[in-house]
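**Q** Just so it is clear, I am handing over work_17.pdb, which has PDB, C-alpha atoms.
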ATOM      1  CA  ILE A 219     100.634 132.581  95.072
ATOM      2  CA  GLN A 220     102.182 135.004  92.600
ATOM      3  CA  ASP A 221     102.017 132.365  89.862
ATOM      4  CA  TRP A 222      98.354 131.759  90.677
ATOM      5  CA  ILE A 223      97.632 135.494  90.474
ATOM      6  CA  LYS A 224      99.487 135.790  87.144
ATOM      7  CA  LYS A 225      97.494 132.879  85.730
ATOM      8  CA  HIS A 226      94.192 134.528  86.647
ATOM      9  CA  VAL A 227      95.216 137.992  85.541
ATOM     10  CA  ASN A 228      96.407 136.630  82.183
ATOM     11  CA  SER A 229      93.140 134.743  81.679
ATOM     12  CA  ALA A 230      91.069 137.919  82.154
ATOM     13  CA  SER A 231      90.176 140.236  79.308
ATOM     14  CA  PRO A 232      92.839 142.900  78.608
ATOM     15  CA  SER A 233      90.524 145.648  79.846
ATOM     16  CA  GLU A 234      90.115 143.926  83.242
ATOM     17  CA  GLN A 235      93.719 142.827  83.837
ATOM     18  CA  ASP A 236      95.041 145.957  85.581
ATOM     19  CA  SER A 237      92.083 146.197  87.928
ATOM     20  CA  LEU A 238      92.181 142.469  88.725
ATOM     21  CA  LYS A 239      95.929 142.565  89.347
ATOM     22  CA  ARG A 240      95.554 145.558  91.682
ATOM     23  CA  ASP A 241      92.657 143.911  93.587
ATOM     24  CA  MET A 242      94.479 140.611  93.977
ATOM     25  CA  ASN A 243      97.711 142.231  95.117
ATOM     26  CA  THR A 244      95.791 144.339  97.654
ATOM     27  CA  THR A 245      94.006 141.233  98.942
ATOM     28  CA  VAL A 246      97.255 139.279  99.304
ATOM     29  CA  GLU A 247      98.921 142.175 101.143
ATOM     30  CA  LYS A 248      95.935 142.500 103.509
ATOM     31  CA  ALA A 249      95.851 138.742 104.131
ATOM     32  CA  PHE A 250      99.572 138.778 104.895
ATOM     33  CA  GLN A 251      99.175 141.691 107.327
ATOM     34  CA  ASP A 252      96.168 140.039 108.974
ATOM     35  CA  GLY A 253      98.059 136.767 109.232
ATOM     36  CA  MET A 254     101.018 138.455 110.880
ATOM     37  CA  SER A 255      98.962 140.520 113.318
ATOM     38  CA  THR A 256      95.902 138.473 114.245
ATOM     39  CA  GLY A 257      96.206 135.234 112.312
ATOM     40  CA  ILE A 258      93.973 134.038 109.523
ATOM     41  CA  ARG A 259      90.683 132.568 110.665
ATOM     42  CA  THR A 260      90.423 129.718 108.184
ATOM     43  CA  ASP A 261      87.199 128.548 109.819
ATOM     44  CA  GLN A 262      85.541 131.862 108.917
ATOM     45  CA  VAL A 263      86.995 131.768 105.407
ATOM     46  CA  ILE A 264      85.625 128.262 104.864
ATOM     47  CA  VAL A 265      82.169 129.190 106.191
ATOM     48  CA  ARG A 266      82.065 132.207 103.865
ATOM     49  CA  LEU A 267      83.300 130.182 100.902
ATOM     50  CA  ASN A 268      80.580 127.605 101.542
ATOM     51  CA  GLU A 269      78.019 130.439 101.568
ATOM     52  CA  ILE A 270      79.067 132.162  98.346
ATOM     53  CA  GLY A 271      81.313 129.741  96.460
ATOM     54  CA  ASP A 272      80.427 127.135  93.900
ATOM     55  CA  LYS A 273      82.165 123.769  93.587
ATOM     56  CA  SER A 274      84.607 125.172  91.045
ATOM     57  CA  SER A 275      85.780 128.029  93.277
ATOM     58  CA  LYS A 276      86.109 125.681  96.276
ATOM     59  CA  PHE A 277      88.186 123.302  94.176
ATOM     60  CA  GLU A 278      90.347 126.191  92.990
ATOM     61  CA  VAL A 279      90.988 127.287  96.584
ATOM     62  CA  LEU A 280      92.014 123.764  97.538
ATOM     63  CA  GLU A 281      94.248 123.550  94.479
ATOM     64  CA  LEU A 282      95.965 126.794  95.511
ATOM     65  CA  CYS A 283      96.462 125.363  99.013
ATOM     66  CA  PHE A 284      98.120 122.290  97.473
ATOM     67  CA  GLU A 285     100.370 124.493  95.366
ATOM     68  CA  VAL A 286     101.440 126.473  98.427
ATOM     69  CA  MET A 287     101.975 123.264 100.418
ATOM     70  CA  SER A 288     104.140 121.646  97.745
ATOM     71  CA  ALA A 289     106.060 124.834  96.855
ATOM     72  CA  ASN A 290     109.003 123.673  98.971
ATOM     73  CA  GLY A 291     109.137 120.398  97.004
ATOM     74  CA  ASP A 292     107.911 118.268  99.897
ATOM     75  CA  MET A 293     104.604 116.863 101.135
ATOM     76  CA  ASN A 294     104.262 116.928 104.902
ATOM     77  CA  PRO A 295     101.673 114.512 106.369
ATOM     78  CA  ASP A 296     100.394 117.188 108.763
ATOM     79  CA  GLU A 297      99.843 119.590 105.876
ATOM     80  CA  VAL A 298      98.114 116.882 103.835
ATOM     81  CA  ALA A 299      95.850 116.098 106.802
ATOM     82  CA  LEU A 300      94.991 119.795 107.150
ATOM     83  CA  LEU A 301      94.113 120.058 103.457
ATOM     84  CA  LYS A 302      92.009 116.896 103.759
ATOM     85  CA  ALA A 303      90.096 118.551 106.604
ATOM     86  CA  TYR A 304      89.629 121.672 104.449
ATOM     87  CA  ALA A 305      88.329 119.540 101.570
ATOM     88  CA  ASP A 306      85.845 117.841 103.915
ATOM     89  CA  LEU A 307      84.664 121.194 105.305
ATOM     90  CA  LEU A 308      84.282 122.529 101.755
ATOM     91  CA  GLU A 309      82.237 119.404 100.967
ATOM     92  CA  LEU A 310      84.457 118.452  98.041
ATOM     93  CA  PRO A 311      84.359 114.831  96.883
ATOM     94  CA  LYS A 312      87.120 112.609  98.278
ATOM     95  CA  GLU A 313      88.075 111.674  94.714
ATOM     96  CA  GLU A 314      88.823 115.324  93.897
ATOM     97  CA  PHE A 315      91.027 115.649  96.965
ATOM     98  CA  GLN A 316      92.858 112.436  96.083
ATOM     99  CA  ARG A 317      93.371 113.580  92.496
ATOM    100  CA  LEU A 318      94.912 116.858  93.653
ATOM    101  CA  MET A 319      97.092 115.067  96.179
ATOM    102  CA  ASP A 320      98.342 112.625  93.554
ATOM    103  CA  LEU A 321      99.013 115.417  91.081
ATOM    104  CA  HIS A 322     101.065 117.381  93.573
ATOM    105  CA  ALA A 323     102.866 114.274  94.812
ATOM    106  CA  LEU A 324     104.404 113.956  91.364
ATOM    107  CA  ASN A 325     105.810 117.477  91.675
ATOM    108  CA  THR A 326     107.484 116.882  95.031
ATOM    109  CA  SER A 327     110.617 115.029  95.971
ATOM    110  CA  ALA A 328     110.587 111.406  97.059
ATOM    111  CA  ASN A 329     110.798 111.891 100.824
ATOM    112  CA  THR A 330     112.773 109.027 102.325
ATOM    113  CA  ASP A 331     112.793 110.450 105.858
ATOM    114  CA  PRO A 332     111.942 107.536 108.193
ATOM    115  CA  ALA A 333     110.104 109.955 110.507
ATOM    116  CA  ASN A 334     107.671 110.695 107.677
ATOM    117  CA  ASP A 335     104.258 109.224 108.438
ATOM    118  CA  ASP A 336     103.682 107.192 105.276
ATOM    119  CA  GLU A 337     100.183 106.030 106.177
ATOM    120  CA  ARG A 338      98.894 109.549 106.750
ATOM    121  CA  LEU A 339     100.673 110.767 103.636
ATOM    122  CA  LEU A 340      98.908 108.121 101.557
ATOM    123  CA  GLY A 341      95.543 109.047 103.082
ATOM    124  CA  ILE A 342      94.944 105.955 105.208
ATOM    125  CA  ASP A 343      92.321 106.636 107.837
ATOM    126  CA  PRO A 344      93.460 105.225 111.216
ATOM    127  CA  SER A 345      89.860 104.281 112.032
ATOM    128  CA  TRP A 346      89.732 101.782 109.137
ATOM    129  CA  ASP A 347      90.074  98.122 109.999
ATOM    130  CA  VAL A 348      92.891  96.059 108.483
ATOM    131  CA  SER A 349      90.803  94.760 105.568
ATOM    132  CA  GLU A 350      89.718  98.312 104.585
ATOM    133  CA  LYS A 351      93.340  99.445 104.682
ATOM    134  CA  LEU A 352      94.392  96.532 102.479
ATOM    135  CA  VAL A 353      91.659  97.269  99.923
ATOM    136  CA  PHE A 354      92.775 100.919  99.821
ATOM    137  CA  LEU A 355      96.445  99.931  99.475
ATOM    138  CA  ARG A 356      95.713  97.513  96.609
ATOM    139  CA  LYS A 357      93.818 100.270  94.800
ATOM    140  CA  GLU A 358      96.653 102.753  95.369
ATOM    141  CA  PHE A 359      99.196 100.213  94.166
ATOM    142  CA  ARG A 360      97.297  99.635  90.919
ATOM    143  CA  LYS A 361      96.965 103.387  90.365
ATOM    144  CA  TRP A 362     100.651 104.199  90.962
ATOM    145  CA  ASN A 363     101.864 101.102  89.125
ATOM    146  CA  SER A 364      99.930 102.140  86.010
ATOM    147  CA  ARG A 365     101.333 105.659  86.296
ATOM    148  CA  MET A 366     104.878 104.287  86.352
ATOM    149  CA  ALA A 367     104.263 102.896  82.887
ATOM    150  CA  THR A 368     103.281 106.292  81.480
ATOM    151  CA  LEU A 369     105.680 108.665  83.242
ATOM    152  CA  SER A 370     108.716 109.748  81.261
ATOM    153  CA  ASP A 371     110.146 112.392  83.621
ATOM    154  CA  PRO A 372     112.849 110.698  85.769
ATOM    155  CA  GLU A 373     111.991 112.723  88.881
ATOM    156  CA  GLN A 374     108.299 111.902  88.596
ATOM    157  CA  ARG A 375     109.173 108.231  88.057
ATOM    158  CA  GLN A 376     111.276 108.369  91.229
ATOM    159  CA  VAL A 377     108.345 109.825  93.184
ATOM    160  CA  ALA A 378     105.983 107.184  91.784
ATOM    161  CA  GLN A 379     108.487 104.430  92.647
ATOM    162  CA  HIS A 380     108.810 105.842  96.155
ATOM    163  CA  ARG A 381     105.002 105.732  96.464
ATOM    164  CA  LEU A 382     104.971 102.118  95.291
ATOM    165  CA  ASP A 383     107.695 101.215  97.798
ATOM    166  CA  MET A 384     105.778 102.977 100.568
ATOM    167  CA  ILE A 385     102.558 101.181  99.628
ATOM    168  CA  GLY A 386     104.420  97.857  99.518
ATOM    169  CA  ARG A 387     105.901  98.302 103.008
ATOM    170  CA  ILE A 388     102.587  99.271 104.537
ATOM    171  CA  ARG A 389     100.705  96.564 102.668
ATOM    172  CA  GLN A 390     103.153  93.913 103.882
ATOM    173  CA  LYS A 391     102.702  95.131 107.464
ATOM    174  CA  TYR A 392      98.916  94.803 107.259
ATOM    175  CA  GLU A 393      98.980  91.502 105.383
ATOM    176  CA  ASN A 394     101.240  90.100 108.121
ATOM    177  CA  LEU A 395      98.861  91.485 110.726
ATOM    178  CA  GLU A 396      95.870  89.977 108.949
ATOM    179  CA  ASN A 397      97.634  86.609 108.579
ATOM    180  CA  SER A 398      98.622  86.543 112.257
ATOM    181  CA  HIS A 399      94.932  86.827 113.188
ATOM    182  CA  ASP A 400      94.132  83.852 110.943
ATOM    183  CA  GLU A 401      96.533  81.519 112.767
ATOM    184  CA  ILE A 402      94.885  79.075 115.139
ATOM    185  CA  PRO A 403      96.776  78.619 118.423
ATOM    186  CA  PHE A 404      97.314  75.040 119.685
TER     187      PHE A 404
END
Produce structure tokens that represent the structure in this file.
**A**
Amino acid sequence: IQDWIKKHVNSASPSEQDSLKRDMNTTVEKAFQDGMSTGIRTDQVIVRLNEIGDKSSKFEVLELCFEVMSANGDMNPDEVALLKAYADLLELPKEEFQRLMDLHALNTSANTDPANDDERLLGIDPSWDVSEKLVFLRKEFRKWNSRMATLSDPEQRQVAQHRLDMIGRIRQKYENLENSHDEIPF
């Protein structure tokens, strides 16, 4: 959050920087105190943002949420699902959410914890049928496979490879499921 504030303060005109810094620091302190005492009512924040915010400010809020989520170097499926719900409530296009998720995935570690819910982390909707899931997985595979060719940072390549491995495992599961439905019993 401090980095986000610095970025915005530094982008303001020199005459506005002190005032903006003071206002932002006051707002963060108040939000922290409110969060500790009564909790933050994200539903009210989202309603208000939808009333007064434009698409750019909504996107910026979601981007900040992603930065906070990935600050520990990990992407938790529950946190990703929460941010997806926020993006839906803010009426942001699914493509924008996916772009942010992909961007932040490259700045996290390759989580190899078997308890990690790979399907939710990739953004697979459980209500989709098998063919929809396979179409999504093929698209994700193409996207991450092309990224592998352009990434030079070893850690980002490791994350992309982990994504490809995850996609491959899930894709194999659904292809096997789809093929088992095609078999004709004797």
**Q** If we count all atoms listed in the file, what is near stretch 265-279 of chain A at a cut-off of 10 Å, once residues fewer than 6 positions away on the same chain are taken out, given as a PyMOL selection string?
**A** chain A and resi 285+304-305+307-311+314-315+318
**Q** Calculate how many Å separate atom CA of A:Lys357 from atom CA of A:Asp320, rounding to one decimal.
**A**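 Separation of atom CA of A:Lys357 and atom CA of A:Asp320: 13.2 Å.
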**Q** Name the residues that the PyMOL selection byres ((chain A and resi 222-238) around 12) pulls out of this structure, and write them as a PyMOL selection string.
**A** chain A and resi 219-221+239-246+278-279+281-286
**Q** What does the distance from atom CA of A:Glu297 to atom CA of A:Gln376 come to in Å, to one decimal?
**A**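 Interatomic distance, atom CA of A:Glu297 to atom CA of A:Gln376: 21.7 Å.
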**Q** Quick check, in Å to one decimal: how far apart do atom CA of A:Val353 and atom CA of A:Met287 lie?
**A**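 So the answer is 28.0 Å.
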**Q** Leaving out stretch 340-350 of chain A and any residue of its chain fewer than 5 positions from it, which residues lie within 12 Å of it when counting all atoms listed in the file, given as number ranges by chain?
**A** A: 293-303, 312-313, 315-317, 319-320, 323, 334-335, 355-359, 362, 380-386, 388-399
**Q** Box for stretch 382-392 of chain A: with edges along x, y and z, all listed atoms inside and 5 Å added on each side, what are the centre and edge lengths in Å to one decimal, as AutoDock Vina command-line options?
**A**
--center_x 103.3 --center_y 98.4 --center_z 101.4 --size_x 18.8 --size_y 19.1 --size_z 22.2
**Q** Could stretch 262-278 of chain A be completed with N, CA and C atoms and written as a short mmCIF file (atom, residue, chain, number, x, y, z; two decimals), in the frame of the given file, please?
**A**
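selection03.cif, freshly written:
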data_model
loop_
_atom_site.label_atom_id
_atom_site.label_comp_id
_atom_site.auth_asym_id
_atom_site.auth_seq_id
_atom_site.Cartn_x
_atom_site.Cartn_y
_atom_site.Cartn_z
N GLN A 262 86.44 130.84 109.45
CA GLN A 262 85.54 131.86 108.92
C GLN A 262 85.62 131.93 107.40
N VAL A 263 86.82 131.76 106.86
CA VAL A 263 87.00 131.77 105.41
C VAL A 263 86.22 130.60 104.79
N ILE A 264 86.31 129.44 105.40
CA ILE A 264 85.62 128.26 104.86
C ILE A 264 84.11 128.43 104.94
N VAL A 265 83.62 128.95 106.06
CA VAL A 265 82.17 129.19 106.19
C VAL A 265 81.70 130.14 105.09
N ARG A 266 82.45 131.22 104.89
CA ARG A 266 82.06 132.21 103.86
C ARG A 266 82.13 131.61 102.47
N LEU A 267 83.17 130.82 102.21
CA LEU A 267 83.30 130.18 100.90
C LEU A 267 82.15 129.21 100.65
N ASN A 268 81.73 128.51 101.69
CA ASN A 268 80.58 127.60 101.54
C ASN A 268 79.29 128.39 101.27
N GLU A 269 79.21 129.61 101.79
CA GLU A 269 78.02 130.44 101.57
C GLU A 269 77.96 130.98 100.14
N ILE A 270 79.10 131.45 99.63
CA ILE A 270 79.07 132.16 98.35
C ILE A 270 79.73 131.41 97.20
N GLY A 271 80.55 130.40 97.51
CA GLY A 271 81.31 129.74 96.46
C GLY A 271 80.59 128.57 95.82
N ASP A 272 80.92 128.34 94.56
CA ASP A 272 80.43 127.14 93.90
C ASP A 272 81.52 126.07 93.99
N LYS A 273 81.21 124.88 93.50
CA LYS A 273 82.16 123.77 93.59
C LYS A 273 83.49 124.12 92.90
N SER A 274 83.41 124.81 91.79
CA SER A 274 84.61 125.17 91.04
C SER A 274 85.52 126.10 91.84
N SER A 275 84.94 127.10 92.50
CA SER A 275 85.78 128.03 93.28
C SER A 275 86.35 127.35 94.51
N LYS A 276 85.59 126.43 95.13
CA LYS A 276 86.11 125.68 96.28
C LYS A 276 87.28 124.80 95.84
N PHE A 277 87.12 124.16 94.71
CA PHE A 277 88.19 123.30 94.18
C PHE A 277 89.43 124.14 93.88
N GLU A 278 89.23 125.31 93.32
CA GLU A 278 90.35 126.19 92.99
C GLU A 278 91.09 126.64 94.25
#
